[in-house]
Amino acid sequence: MNSVELGALNAMSYCWNKHDDSFILARAVKAIAGVVKATFTKYTVSLIEAEAVMTRHPNAWFAKPVIRALTEYRVYHAEDTSRQSATASSPPPSSATAGSPPPSPQPPVNSPFSFSLKETDTARVRFIDGFQTTADVKDAYKEMRAAAGDSWVANARLTCKQVTKDAVDDIAFNTKNHYAISKFMVTITHPDHRGESIEEVLHVMDKRTGQHKLVRIGSFFDVADGSTVGGGGFPGYSKASSTRAGLYLKNLKVKDQDGNDYCPYAQTKFGLGEYDSNNVGNMWSCGFDVLRLQLYQATGYKFSFQVLVAYLEEIISARGDAQELRRSLSNGHYPMSIYVMHLLLTGIASSSGYSNLLVEERSTGESRLSPDEREGLGIKTCTRQHILDTTNWDYSSTAMICQPLYSFGIYRSKKSDGTFEYTVYDPHNFEGSPDFYASCKGQGRRSFASAQEAIDHVTGSKGGCNGKIDLFFRGPDAGLCFMRDRMMKTKGRLESEGKGF
């Protein structure tokens, strides 16, 4: 049960707090509507939505039944294998140095926000008996898209072929106690506008139960043949990917503050370096690529660069300062900045005592912002040791670490002997090397025995290093899963409108 029924008073409280960004009259109308619905029918809300509102208003009336429902959900699904801690008892220290877990509760095992590969996750997962033909995969895929509400896929033309699974797939699913057995690529042609999109489907097996599953895993790629640059299936820099995202933004038409249509990025130069005829620089996607890899490692779903910027633009459109934000992004070459990360974390609150965004003392990241700006963005200034001691890799299995003009990823993965390693992911494959990510000891990714070694490697050896952590993003896996669910809707919208995938 991933929803909770609210009585009249709790429904009123929930509606009032959910619409906390609206005018008082509008909030009152919504609250009254909730009371009426709860009184005469039923008022049910998903735990995903309820917990998101509860993080902003933990002392509201509706919080009690939500907490109770989440607790019941935690107990009922406690044996799920999709989020196992390293030991059967309690989570280990967060890094190679002794540390403590965050004081906030861990997200429930297999909560609505988890990597979860349960049979009831019908929009992404199908339980199967064993090996599947391409026809079987096509049928299962149509069922999953129907469960996700993408009704147009039923009438679309689908083709399916088996493709080679990549190292990145083995890493992500092995860490979640599943074997990646084989991979398929489904090509979908829209029945009306003939727009084409692709998605990968992975055949996995649960290590503990032996259950075989088909899982929708999205795609990192913006091109119809599913090709990547750099090897291993990692989302390294791709001219085709960046150009497609740039063209989407360049042609984006939105409303200005007076309600008139305009294209805010028609003249924007995206990124840095040498620009092509579409004003897309050859140094742009790095930070976005890191976040895309984080999402796959933490949630089991891949997104293209275009879907990520489209999702960001949806967030901006819902804000009262949208025009000002877009002007700032355009002037700054549309970077992955602290401000952009703050926007992407909309609806994902930091737990008390466990900040999502940190900067190291006496770093460039600290000096660029005033104390008031850091407080407004939810950024905590701390020592390197504090970051090492308090980062709980069971709670946040990935991190983004930034230097001036450069971003890198760190993800924790499980080795065959059950121990963990920490891999530095470098998205800066500007030369288009085909084997940039081919080895875990290569230039594009390098693994270490501890988080401290991985972080020291970035701040002491990688491009743009200055010896400091200018930004450390350790978004909780639960929060990234919440982001995944919303971004999947964005992806579906782009496909349905023929604007890409």
# chains A, B, ... in the order shown; residues from 1 in each chain; ligands from 1
>>> select_by_dssp(residues="stretch 147-223 of chain A", states="strand (DSSP E)", output="ChimeraX atom specification")
/A:157-163,178-189,196-206,212-218
>>> residues_around(residues="A:Phe408", least_positions_apart="5", cutoff="9 Å", atoms="only C-alpha atoms", output="PDB file with N, CA, C and O atoms, in the first residue's frame")
ATOM      1  N   CYS A 286      29.166  18.672 -18.683  1.00  0.00           N
ATOM      2  CA  CYS A 286      29.859  17.896 -17.647  1.00  0.00           C
ATOM      3  C   CYS A 286      29.049  17.682 -16.365  1.00  0.00           C
ATOM      4  O   CYS A 286      28.825  16.557 -15.927  1.00  0.00           O
ATOM      5  N   GLY A 287      28.603  18.775 -15.742  1.00  0.00           N
ATOM      6  CA  GLY A 287      27.850  18.644 -14.502  1.00  0.00           C
ATOM      7  C   GLY A 287      26.540  17.919 -14.694  1.00  0.00           C
ATOM      8  O   GLY A 287      26.107  17.137 -13.824  1.00  0.00           O
ATOM      9  N   VAL A 290      27.217  14.219 -14.827  1.00  0.00           N
ATOM     10  CA  VAL A 290      27.426  13.650 -13.492  1.00  0.00           C
ATOM     11  C   VAL A 290      26.092  13.349 -12.826  1.00  0.00           C
ATOM     12  O   VAL A 290      25.883  12.271 -12.263  1.00  0.00           O
ATOM     13  N   ALA A 399      27.715  10.972  -5.148  1.00  0.00           N
ATOM     14  CA  ALA A 399      27.989  12.366  -4.819  1.00  0.00           C
ATOM     15  C   ALA A 399      28.513  13.077  -6.060  1.00  0.00           C
ATOM     16  O   ALA A 399      29.104  12.460  -6.948  1.00  0.00           O
ATOM     17  N   MET A 400      28.274  14.384  -6.122  1.00  0.00           N
ATOM     18  CA  MET A 400      28.890  15.234  -7.132  1.00  0.00           C
ATOM     19  C   MET A 400      29.880  16.133  -6.404  1.00  0.00           C
ATOM     20  O   MET A 400      29.535  16.759  -5.405  1.00  0.00           O
ATOM     21  N   ILE A 401      31.109  16.187  -6.908  1.00  0.00           N
ATOM     22  CA  ILE A 401      32.124  17.021  -6.293  1.00  0.00           C
ATOM     23  C   ILE A 401      32.641  17.998  -7.348  1.00  0.00           C
ATOM     24  O   ILE A 401      33.001  17.590  -8.453  1.00  0.00           O
ATOM     25  N   CYS A 402      32.611  19.278  -7.015  1.00  0.00           N
ATOM     26  CA  CYS A 402      32.905  20.311  -8.002  1.00  0.00           C
ATOM     27  C   CYS A 402      34.156  21.102  -7.661  1.00  0.00           C
ATOM     28  O   CYS A 402      34.422  21.412  -6.504  1.00  0.00           O
ATOM     29  N   GLN A 403      34.914  21.399  -8.717  1.00  0.00           N
ATOM     30  CA  GLN A 403      36.033  22.328  -8.702  1.00  0.00           C
ATOM     31  C   GLN A 403      35.626  23.485  -9.613  1.00  0.00           C
ATOM     32  O   GLN A 403      34.664  23.364 -10.368  1.00  0.00           O
ATOM     33  N   VAL A 424      35.606   7.320  -8.968  1.00  0.00           N
ATOM     34  CA  VAL A 424      35.546   8.688  -9.474  1.00  0.00           C
ATOM     35  C   VAL A 424      35.172   8.628 -10.952  1.00  0.00           C
ATOM     36  O   VAL A 424      35.826   7.936 -11.740  1.00  0.00           O
ATOM     37  N   TYR A 425      34.113   9.325 -11.311  1.00  0.00           N
ATOM     38  CA  TYR A 425      33.654   9.401 -12.700  1.00  0.00           C
ATOM     39  C   TYR A 425      34.015  10.774 -13.259  1.00  0.00           C
ATOM     40  O   TYR A 425      33.678  11.809 -12.680  1.00  0.00           O
ATOM     41  N   ASP A 426      34.728  10.780 -14.376  1.00  0.00           N
ATOM     42  CA  ASP A 426      35.170  12.008 -15.029  1.00  0.00           C
ATOM     43  C   ASP A 426      34.394  12.174 -16.332  1.00  0.00           C
ATOM     44  O   ASP A 426      34.569  11.390 -17.270  1.00  0.00           O
ATOM     45  N   PRO A 427      33.519  13.189 -16.448  1.00  0.00           N
ATOM     46  CA  PRO A 427      32.709  13.350 -17.663  1.00  0.00           C
ATOM     47  C   PRO A 427      33.423  14.091 -18.790  1.00  0.00           C
ATOM     48  O   PRO A 427      32.847  14.286 -19.855  1.00  0.00           O
ATOM     49  N   HIS A 428      34.670  14.501 -18.587  1.00  0.00           N
ATOM     50  CA  HIS A 428      35.325  15.434 -19.517  1.00  0.00           C
ATOM     51  C   HIS A 428      36.043  14.722 -20.665  1.00  0.00           C
ATOM     52  O   HIS A 428      37.252  14.903 -20.877  1.00  0.00           O
ATOM     53  N   VAL A 458      40.233  13.658  -6.632  1.00  0.00           N
ATOM     54  CA  VAL A 458      39.595  14.745  -7.383  1.00  0.00           C
ATOM     55  C   VAL A 458      40.234  16.083  -7.042  1.00  0.00           C
ATOM     56  O   VAL A 458      40.609  16.855  -7.928  1.00  0.00           O
ATOM     57  N   LYS A 462      42.752  15.849 -10.448  1.00  0.00           N
ATOM     58  CA  LYS A 462      41.908  15.999 -11.632  1.00  0.00           C
ATOM     59  C   LYS A 462      41.936  17.425 -12.178  1.00  0.00           C
ATOM     60  O   LYS A 462      42.427  18.359 -11.534  1.00  0.00           O
TER      61      LYS A 462
END
>>> closest_residue(among="A:Val186, A:Ala28, A:Ile315, A:Ala172", to="A:Arg157", atoms="only C-alpha atoms")
A:Val186
>>> select_by_dssp(residues="stretch 118-356 of chain A", states="alpha helix (DSSP H)", output="VMD selection string")
chain A and resid 134 to 147 167 to 175 239 to 250 286 to 299 305 to 317 322 to 331 338 to 344
>>> residues_around(residues="A:Lys42", least_positions_apart="3", cutoff="12 Å", atoms="only C-alpha atoms", output="JSON, numbers by chain")
{"A": [4, 5, 6, 7, 8, 11, 33, 34, 35, 36, 37, 38, 39, 45]}
>>> write_last_selection(atoms="C-alpha atoms", output="short mmCIF file (atom, residue, chain, number, x, y, z; two decimals), in the first residue's frame")
data_model
loop_
_atom_site.label_atom_id
_atom_site.label_comp_id
_atom_site.auth_asym_id
_atom_site.auth_seq_id
_atom_site.Cartn_x
_atom_site.Cartn_y
_atom_site.Cartn_z
CA VAL A 4 -2.74 6.92 2.69
CA GLU A 5 -6.38 7.87 3.27
CA LEU A 6 -6.90 11.13 5.18
CA GLY A 7 -9.89 12.15 7.25
CA ALA A 8 -11.56 15.53 6.88
CA ALA A 11 -7.21 16.40 4.33
CA ALA A 33 -12.33 21.15 -1.31
CA GLY A 34 -10.23 18.56 0.52
CA VAL A 35 -12.62 18.55 3.49
CA VAL A 36 -15.63 18.11 1.22
CA LYS A 37 -14.04 15.23 -0.67
CA ALA A 38 -12.93 13.48 2.53
CA THR A 39 -16.39 13.91 4.09
CA VAL A 45 -2.92 10.71 -1.45
#
>>> closest_residue(among="A:Leu388, A:Asp289, A:Ser238, A:Ser330", to="A:Gly271", atoms="only C-alpha atoms")
A:Ser330
>>> atom_distance(atom1="atom CA of A:Gly353", atom2="atom CA of A:Thr390")
9.4 Å
